[in-house]
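K.L.:
So I've got this file, input.cif, and it contains mmCIF, C-alpha atoms:
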```cif
data_coords
#
loop_
_atom_site.label_atom_id
_atom_site.label_comp_id
_atom_site.auth_asym_id
_atom_site.auth_seq_id
_atom_site.Cartn_x
_atom_site.Cartn_y
_atom_site.Cartn_z
CA MET A 1 -81.62 -9.03 -124.28
CA LYS A 2 -81.00 -11.30 -121.37
CA GLY A 3 -80.84 -14.99 -120.80
CA ILE A 4 -79.19 -16.04 -124.06
CA ASP A 5 -75.49 -15.37 -123.43
CA ALA A 6 -73.23 -17.91 -121.79
CA GLU A 7 -72.58 -17.05 -118.18
CA GLY A 8 -69.38 -15.06 -117.76
CA SER A 9 -69.14 -13.97 -121.43
CA PHE A 10 -67.95 -10.50 -122.39
CA ASP A 11 -70.54 -7.78 -121.80
CA PRO A 12 -69.89 -4.62 -123.93
CA THR A 13 -72.04 -2.56 -121.53
CA THR A 14 -69.85 -3.08 -118.47
CA GLY A 15 -66.37 -2.16 -117.37
CA GLU A 16 -64.48 1.11 -116.98
CA ASN A 17 -64.82 1.99 -120.69
CA PRO A 18 -67.95 0.23 -121.97
CA ALA A 19 -68.40 0.04 -125.75
CA LEU A 20 -72.17 0.37 -125.32
CA ILE A 21 -74.56 1.71 -122.70
CA ARG A 22 -78.04 0.81 -121.52
CA ASN A 23 -81.14 2.95 -121.95
CA ASN A 24 -83.77 3.82 -119.35
CA ASN A 25 -85.37 0.44 -119.86
CA ASP A 26 -82.08 -1.39 -119.28
CA GLY A 27 -81.80 -2.31 -122.98
CA VAL A 28 -78.57 -2.18 -124.97
CA TRP A 29 -78.30 1.24 -126.56
CA VAL A 30 -76.03 2.73 -129.20
CA SER A 31 -76.33 6.44 -128.49
CA GLN A 32 -76.85 7.57 -132.09
CA ARG A 33 -79.61 9.94 -133.14
CA ALA A 34 -79.22 9.48 -136.92
CA ARG A 35 -80.42 5.99 -137.84
CA PRO A 36 -80.92 5.58 -141.62
CA ARG A 37 -82.57 2.20 -141.07
CA ARG A 38 -85.67 4.02 -139.79
CA ASN A 39 -86.44 4.86 -143.42
CA ARG A 40 -86.25 1.15 -144.34
CA LYS A 41 -88.41 -0.31 -141.58
CA SER A 42 -91.49 -1.09 -143.70
CA ALA A 43 -92.62 -1.33 -147.30
CA GLY A 44 -94.74 1.78 -146.81
CA ILE A 45 -91.85 3.87 -145.51
CA ARG A 46 -89.48 2.56 -148.19
CA GLY A 47 -92.00 3.48 -150.86
CA MET A 48 -92.49 6.96 -149.42
CA VAL A 49 -88.79 7.87 -149.48
CA ARG A 50 -87.80 6.02 -152.67
CA GLU A 51 -85.70 8.36 -154.81
CA CYS A 52 -85.74 6.59 -158.18
CA ILE A 53 -88.89 5.06 -159.59
CA VAL A 54 -88.90 3.57 -163.09
CA THR A 55 -92.21 3.66 -164.94
CA PRO A 56 -93.05 3.32 -168.65
CA ASN A 57 -93.02 7.11 -168.80
CA ASN A 58 -89.26 7.02 -168.12
CA PHE A 59 -88.49 4.88 -171.16
CA ILE A 60 -87.29 6.10 -174.56
CA TYR A 61 -88.21 3.72 -177.36
CA PRO A 62 -85.57 3.62 -180.15
CA LEU A 63 -87.26 3.19 -183.51
CA PHE A 64 -85.16 2.17 -186.50
CA ILE A 65 -86.82 3.32 -189.72
CA HIS A 66 -86.20 2.69 -193.41
CA GLU A 67 -87.74 2.91 -196.87
CA ASP A 68 -85.75 0.21 -198.67
CA THR A 69 -88.80 -2.04 -198.93
CA ASP A 70 -92.49 -1.99 -198.08
CA SER A 71 -92.00 -4.32 -195.12
CA ASN A 72 -90.08 -4.42 -191.87
CA VAL A 73 -86.58 -5.88 -191.92
CA ASP A 74 -85.09 -7.93 -189.08
CA ILE A 75 -81.83 -6.76 -187.51
CA PRO A 76 -79.86 -10.01 -186.94
CA SER A 77 -77.54 -8.55 -184.29
CA MET A 78 -80.57 -7.24 -182.36
CA PRO A 79 -82.86 -10.25 -182.01
CA GLY A 80 -86.49 -9.17 -181.90
CA CYS A 81 -85.77 -5.71 -183.32
CA GLN A 82 -86.58 -4.49 -186.80
CA ARG A 83 -86.15 -1.60 -189.18
CA HIS A 84 -89.69 -0.28 -189.46
CA THR A 85 -91.49 1.19 -192.41
CA LEU A 86 -93.04 4.56 -191.63
CA ASP A 87 -96.49 2.99 -191.39
CA SER A 88 -95.17 0.35 -188.99
CA MET A 89 -93.43 3.09 -187.01
CA LEU A 90 -96.77 4.83 -186.50
CA LYS A 91 -98.34 1.59 -185.33
CA GLU A 92 -95.50 1.07 -182.82
CA VAL A 93 -95.92 4.59 -181.50
CA GLY A 94 -99.67 4.15 -181.04
CA GLU A 95 -99.33 0.83 -179.21
CA SER A 96 -96.53 2.18 -177.02
CA LEU A 97 -98.53 5.24 -176.02
CA GLU A 98 -101.32 2.95 -174.83
CA LEU A 99 -98.77 1.21 -172.59
CA GLY A 100 -97.49 4.47 -171.14
CA VAL A 101 -94.30 4.80 -173.20
CA ASN A 102 -94.46 8.37 -174.50
CA THR A 103 -90.99 9.13 -175.87
CA PHE A 104 -89.43 7.87 -179.09
CA VAL A 105 -86.01 8.39 -180.68
CA LEU A 106 -85.64 7.94 -184.43
CA PHE A 107 -82.69 6.24 -186.12
CA PRO A 108 -82.75 6.15 -189.95
CA LYS A 109 -81.26 3.67 -192.37
CA VAL A 110 -80.40 5.89 -195.35
CA PRO A 111 -79.93 4.47 -198.88
CA ASP A 112 -76.34 4.51 -200.11
CA HIS A 113 -77.12 6.73 -203.10
CA LEU A 114 -78.14 9.53 -200.70
CA LYS A 115 -74.95 9.37 -198.65
CA THR A 116 -72.22 12.01 -199.10
CA ASN A 117 -69.16 13.15 -197.19
CA LEU A 118 -70.97 16.32 -196.10
CA GLY A 119 -74.08 14.35 -195.11
CA VAL A 120 -76.40 16.82 -196.84
CA GLU A 121 -79.33 14.37 -196.62
CA ALA A 122 -79.27 14.98 -192.85
CA TYR A 123 -80.96 18.35 -193.39
CA ASN A 124 -83.20 17.51 -196.33
CA PRO A 125 -86.70 18.65 -195.20
CA GLU A 126 -88.18 15.78 -197.21
CA GLY A 127 -85.74 13.22 -195.82
CA ILE A 128 -86.96 10.19 -193.92
CA VAL A 129 -86.48 11.68 -190.43
CA PRO A 130 -88.30 15.00 -190.96
CA ARG A 131 -91.18 13.16 -192.63
CA ALA A 132 -91.30 10.62 -189.81
CA ILE A 133 -91.39 13.42 -187.23
CA ARG A 134 -94.28 15.13 -189.01
CA MET A 135 -96.21 11.86 -189.30
CA ILE A 136 -95.88 11.13 -185.59
CA LYS A 137 -96.74 14.65 -184.44
CA GLU A 138 -99.75 14.87 -186.76
CA LYS A 139 -101.27 11.59 -185.56
CA TYR A 140 -99.99 11.58 -181.98
CA PRO A 141 -99.27 15.18 -180.93
CA GLU A 142 -98.86 14.05 -177.32
CA ALA A 143 -95.83 11.90 -178.23
CA THR A 144 -92.36 13.21 -177.44
CA VAL A 145 -90.06 12.84 -180.46
CA VAL A 146 -86.29 12.72 -180.03
CA THR A 147 -83.90 12.83 -182.99
CA ASP A 148 -80.39 11.48 -183.28
CA VAL A 149 -77.93 14.19 -184.35
CA ALA A 150 -74.86 12.90 -186.17
CA LEU A 151 -73.70 12.45 -189.75
CA ASP A 152 -72.83 8.75 -189.78
CA PRO A 153 -76.18 7.49 -191.15
CA TYR A 154 -75.84 10.02 -193.98
CA SER A 155 -72.09 9.75 -194.60
CA ASP A 156 -70.48 7.80 -197.43
CA GLN A 157 -67.46 7.56 -195.11
CA GLY A 158 -69.40 5.91 -192.28
CA HIS A 159 -68.14 8.44 -189.74
CA ASP A 160 -69.95 10.89 -187.47
CA GLY A 161 -68.26 13.83 -189.15
CA VAL A 162 -66.93 15.26 -192.37
CA VAL A 163 -63.70 13.60 -193.50
CA GLU A 164 -60.69 15.24 -195.12
CA ASN A 165 -57.44 13.38 -195.77
CA GLY A 166 -58.45 10.67 -193.30
CA LYS A 167 -59.22 13.16 -190.51
CA ILE A 168 -62.66 13.89 -189.04
CA LEU A 169 -63.09 17.66 -189.13
CA ASN A 170 -64.54 18.99 -185.89
CA ASP A 171 -65.76 22.48 -186.73
CA VAL A 172 -66.91 21.72 -190.28
CA THR A 173 -68.95 18.83 -188.87
CA ILE A 174 -70.60 21.11 -186.31
CA ASN A 175 -71.61 23.42 -189.15
CA GLN A 176 -73.51 20.51 -190.69
CA LEU A 177 -75.02 19.45 -187.38
CA CYS A 178 -76.47 22.93 -186.88
CA LYS A 179 -78.25 22.60 -190.21
CA GLN A 180 -79.48 19.15 -189.18
CA VAL A 181 -81.00 20.22 -185.85
CA VAL A 182 -82.78 23.23 -187.33
CA CYS A 183 -84.28 20.97 -189.99
CA GLN A 184 -85.43 18.53 -187.32
CA ALA A 185 -86.85 21.30 -185.15
CA ARG A 186 -88.79 22.71 -188.08
CA ALA A 187 -90.33 19.27 -188.60
CA GLY A 188 -91.52 19.22 -184.98
CA ALA A 189 -88.81 17.47 -182.95
CA ASP A 190 -89.17 17.99 -179.21
CA ILE A 191 -85.62 16.98 -178.31
CA VAL A 192 -82.42 16.75 -180.36
CA ALA A 193 -79.76 14.30 -179.21
CA PRO A 194 -76.24 14.94 -180.54
CA SER A 195 -74.29 11.67 -180.51
CA ASP A 196 -71.31 12.78 -182.63
CA MET A 197 -68.84 13.70 -179.84
CA MET A 198 -67.45 16.78 -181.60
CA ASP A 199 -65.97 19.40 -179.27
CA GLY A 200 -68.23 22.40 -178.76
CA ARG A 201 -71.24 21.06 -180.61
CA VAL A 202 -73.75 21.54 -177.78
CA LYS A 203 -73.13 25.30 -177.59
CA ALA A 204 -73.34 25.67 -181.37
CA ILE A 205 -76.52 23.59 -181.54
CA ARG A 206 -78.12 25.60 -178.72
CA ASP A 207 -77.26 28.85 -180.47
CA ALA A 208 -78.50 27.56 -183.84
CA LEU A 209 -81.83 26.49 -182.37
CA ASP A 210 -82.30 29.70 -180.39
CA SER A 211 -81.40 31.91 -183.36
CA GLU A 212 -84.20 30.27 -185.36
CA GLY A 213 -86.74 30.66 -182.56
CA PHE A 214 -86.62 27.09 -181.24
CA THR A 215 -85.83 28.01 -177.65
CA ASP A 216 -88.17 25.27 -176.37
CA VAL A 217 -86.43 22.43 -178.21
CA SER A 218 -84.35 20.48 -175.69
CA ILE A 219 -80.86 19.03 -176.08
CA LEU A 220 -80.25 15.50 -174.83
CA SER A 221 -76.51 15.15 -175.26
CA TYR A 222 -74.61 11.90 -175.59
CA THR A 223 -72.13 13.26 -173.08
CA ALA A 224 -69.73 10.35 -172.60
CA LYS A 225 -69.86 8.16 -175.69
CA TYR A 226 -67.14 5.53 -175.73
CA ALA A 227 -65.39 3.95 -178.69
CA SER A 228 -67.01 0.62 -177.87
CA ALA A 229 -67.87 -2.55 -179.74
CA TYR A 230 -71.26 -2.39 -178.02
CA TYR A 231 -72.32 0.07 -180.73
CA GLY A 232 -71.87 -2.66 -183.36
CA PRO A 233 -75.56 -3.68 -183.45
CA PHE A 234 -76.66 -0.05 -183.80
CA ARG A 235 -74.32 0.37 -186.74
CA ASP A 236 -75.79 -2.78 -188.26
CA ALA A 237 -79.27 -1.31 -187.82
CA LEU A 238 -78.29 1.93 -189.56
CA ASP A 239 -75.78 0.45 -192.01
CA SER A 240 -73.29 3.02 -190.72
CA HIS A 241 -70.06 1.17 -189.96
CA PRO A 242 -66.91 3.28 -190.45
CA GLY A 243 -65.66 3.13 -194.01
CA PHE A 244 -62.10 3.22 -192.70
CA GLY A 245 -60.34 3.08 -189.34
CA ASP A 246 -62.37 3.51 -186.18
CA LYS A 247 -63.99 6.28 -184.12
CA LYS A 248 -61.31 6.62 -181.46
CA THR A 249 -60.27 10.17 -182.44
CA TYR A 250 -63.64 11.54 -181.33
CA GLN A 251 -65.33 8.92 -179.14
CA GLN A 252 -63.87 8.38 -175.69
CA ASP A 253 -61.36 5.85 -174.42
CA PRO A 254 -63.29 3.50 -172.07
CA ALA A 255 -60.29 3.58 -169.70
CA ASN A 256 -60.76 7.29 -168.93
CA GLY A 257 -63.36 8.02 -166.27
CA ARG A 258 -62.11 11.53 -165.44
CA GLU A 259 -62.48 12.50 -169.09
CA ALA A 260 -66.19 11.63 -168.93
CA LEU A 261 -66.67 14.11 -166.08
CA ILE A 262 -64.94 16.81 -168.13
CA GLU A 263 -67.27 16.10 -171.05
CA ALA A 264 -70.31 16.23 -168.77
CA ASP A 265 -69.28 19.58 -167.29
CA LEU A 266 -68.68 21.05 -170.74
CA ASP A 267 -72.04 19.90 -172.09
CA ALA A 268 -73.85 21.31 -169.07
CA MET A 269 -72.09 24.67 -169.42
CA GLU A 270 -72.81 24.75 -173.15
CA GLY A 271 -76.56 24.33 -172.67
CA ALA A 272 -77.45 20.63 -172.59
CA ASP A 273 -80.73 19.95 -170.85
#
```
Represent the supplied structure as structure tokens.

P.N.:
Amino acid sequence: MKGIDAEGSFDPTTGENPALIRNNNDGVWVSQRARPRRNRKSAGIRGMVRECIVTPNNFIYPLFIHEDTDSNVDIPSMPGCQRHTLDSMLKEVGESLELGVNTFVLFPKVPDHLKTNLGVEAYNPEGIVPRAIRMIKEKYPEATVVTDVALDPYSDQGHDGVVENGKILNDVTINQLCKQVVCQARAGADIVAPSDMMDGRVKAIRDALDSEGFTDVSILSYTAKYASAYYGPFRDALDSHPGFGDKKTYQQDPANGREALIEADLDAMEGAD
């Protein structure tokens, strides 16, 4: 451009070692072939090359379910959210499908009298989650149903695993989780989502599913789950706060980023989808 600079000002295109050059039309030219801004020059181009697009089909709707009463129950720490009855759950699924939300993850609030240290209610075929899965798949077969895999909703200890002498047992817990995922797969779950953070659980779950013929059931792993207060409202929704201590011996330290990458690599190698 000419005619706008003060006379005698520095010209980057002149001198023995000019910073810039001029093109065939005498315009300032940075001699660079790769120009990423070309892909941003218009709304049409930006839309064509956009890598991430969020639509309702990308959402997973968490549904909290219960059978304590015949009505929905508000969750005070989650304003606007409720524990749904199974009938209300079906209504939510139907309305969400009409809006393009096709995937649902189920979180149960289990009555205290059904909770045990081994979490045996987690693999009761007539438990609330297997029945909810069957109800959804019978009425809305096109819906994708995801299940949470962990023992804390079913544990009288309030932990994600089996407890012995104040310690959460890794391998014994995985034994129970394998029973849980097979039960959920038999009910019709499309995806199982282990949130327990036990070491080696993804491989064991994959093998358990495959050995029972459920090779098409996917695993959506909670790969890097931190020991965070942000889970407080979810624990309120499920009535699953730890009965003692905290979850820091199995959930991650938020200060450790490298550890999250290790967990992700392990889950991928073990068969997470």

K.L.:
One decimal, in Å: what's the spacing between CA of Gly271 (chain A) and CA of Ser218 (chain A)?

P.N.:
9.2 Å

K.L.:
Do a neighbour search on region 100-106 of chain A at 9 Å with all atoms listed in the file, toss out local chain neighbours closer than 5 positions, and write the hits as a PyMOL selection string.

P.N.:
chain A and resi 55-65+93+95+129+132-133+142-148+191+193

K.L.:
Given the file above and the PyMOL selection byres ((chain A and resi 180) around 12), which residues are selected, and can you give them as a ChimeraX atom specification?

P.N.:
/A:118-125,127,129-130,147-151,154,173-179,181-187,189,192-194,204-205,208-209

K.L.:
Kindly resolve the PyMOL selection byres ((chain A and resi 140) around 9) on the present coordinates and return the residues as an MDAnalysis selection string.

P.N.:
chainID A and resid 90 93:94 97 135:139 141:143

K.L.:
Please determine, counting all atoms listed in the file, which residue among A:Ile128, A:Ala268, A:Val217, A:Cys81 has the shortest atom-to-atom distance to Ala237 (chain A).

P.N.:
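Ranked by minimum distance to Ala237 (chain A), first place goes to A:Cys81.
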
K.L.:
With only C-alpha atoms as the basis for distance, which of A:Lys167, A:His84, A:Arg22, A:Arg131 is at the shortest distance from Lys248 (chain A)?

P.N.:
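Among the listed residues, the smallest separation from Lys248 (chain A) belongs to A:Lys167.
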
K.L.:
Selected by the PyMOL selection byres ((chain A and resi 163) around 12) in the shown coordinates: which residues, as an MDAnalysis selection string?

P.N.:
chainID A and resid 116:119 151:152 155:162 164:173 242:245 247

K.L.:
With all atoms listed in the file as the counted atoms, please give the residues lying no more than 12 Å from Asp11 (chain A), apart from itself and same-chain residues fewer than 2 positions off, as a PyMOL selection string.

P.N.:
chain A and resi 1-2+5-9+13-22+28

K.L.:
Find the distance between CA of Glu270 (chain A) and CA of Pro254 (chain A) and write it in Å to one decimal.

P.N.:
23.3 Å

K.L.:
Taking all atoms listed in the file into account, which of A:Met269, A:Val202, A:Ala224, A:Met197 comes nearest Gly257 (chain A)?

P.N.:
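Result for the nearest residue to Gly257 (chain A): A:Ala224.
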
K.L.:
Report the distance between CA of Asp112 (chain A) and CA of Tyr250 (chain A) in Å, rounded to one decimal place.

P.N.:
23.7 Å

K.L.:
So, with only C-alpha atoms as the atoms that count, which of A:Leu220, A:Lys225, A:Asp70, A:Gly80 lies closest to Asn256 (chain A)?

P.N.:
A:Lys225

K.L.:
I need the residue nearest Arg235 (chain A) from this list: A:Ser77, A:Thr215, A:Asp273, A:Tyr222. Use all atoms listed in the file for the distance.

P.N.:
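Of A:Ser77, A:Thr215, A:Asp273, A:Tyr222, the one nearest Arg235 (chain A) is A:Ser77, counting all atoms listed in the file.
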
K.L.:
Can you tell me which residues surround Asp68 (chain A) at a distance of at most 10 Å, considering all atoms listed in the file, apart from same-chain residues fewer than 2 positions away, and format the answer as a list in words?

P.N.:
Ile65, His66, Asp70, Ser71, Asn72, Val73, Arg83, Thr85, Lys109, Val110 and Pro111 of chain A

K.L.:
From (-72.8, 3.4, -193.7), in the file's coordinates, out to 6 Å: which residues are reached, counting only C-alpha atoms? Answer as an MDAnalysis selection string.

P.N.:
chainID A and resid 153 158 239:241

K.L.:
Within 12 Å of Pro36 (chain A), counting all atoms listed in the file, which residues qualify if same-chain residues fewer than 5 places away don't, as number ranges by chain?

P.N.:
A: 41, 45-46, 49

K.L.:
Deliver the residues from the most recent selection as a file, using C-alpha atoms, as a short mmCIF file (atom, residue, chain, number, x, y, z; two decimals), in the coordinates of the input.

P.N.:
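Output contents, as saved in part-v8.cif:
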```cif
data_model
loop_
_atom_site.label_atom_id
_atom_site.label_comp_id
_atom_site.auth_asym_id
_atom_site.auth_seq_id
_atom_site.Cartn_x
_atom_site.Cartn_y
_atom_site.Cartn_z
CA LYS A 41 -88.41 -0.31 -141.58
CA ILE A 45 -91.85 3.87 -145.51
CA ARG A 46 -89.48 2.56 -148.19
CA VAL A 49 -88.79 7.87 -149.48
#
```

K.L.:
Between A:Arg50, A:Arg35, A:Arg201, A:Lys115, which has the minimum distance to Glu263 (chain A) (counting only C-alpha atoms)?

P.N.:
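The closest residue to Glu263 (chain A) is A:Arg201.
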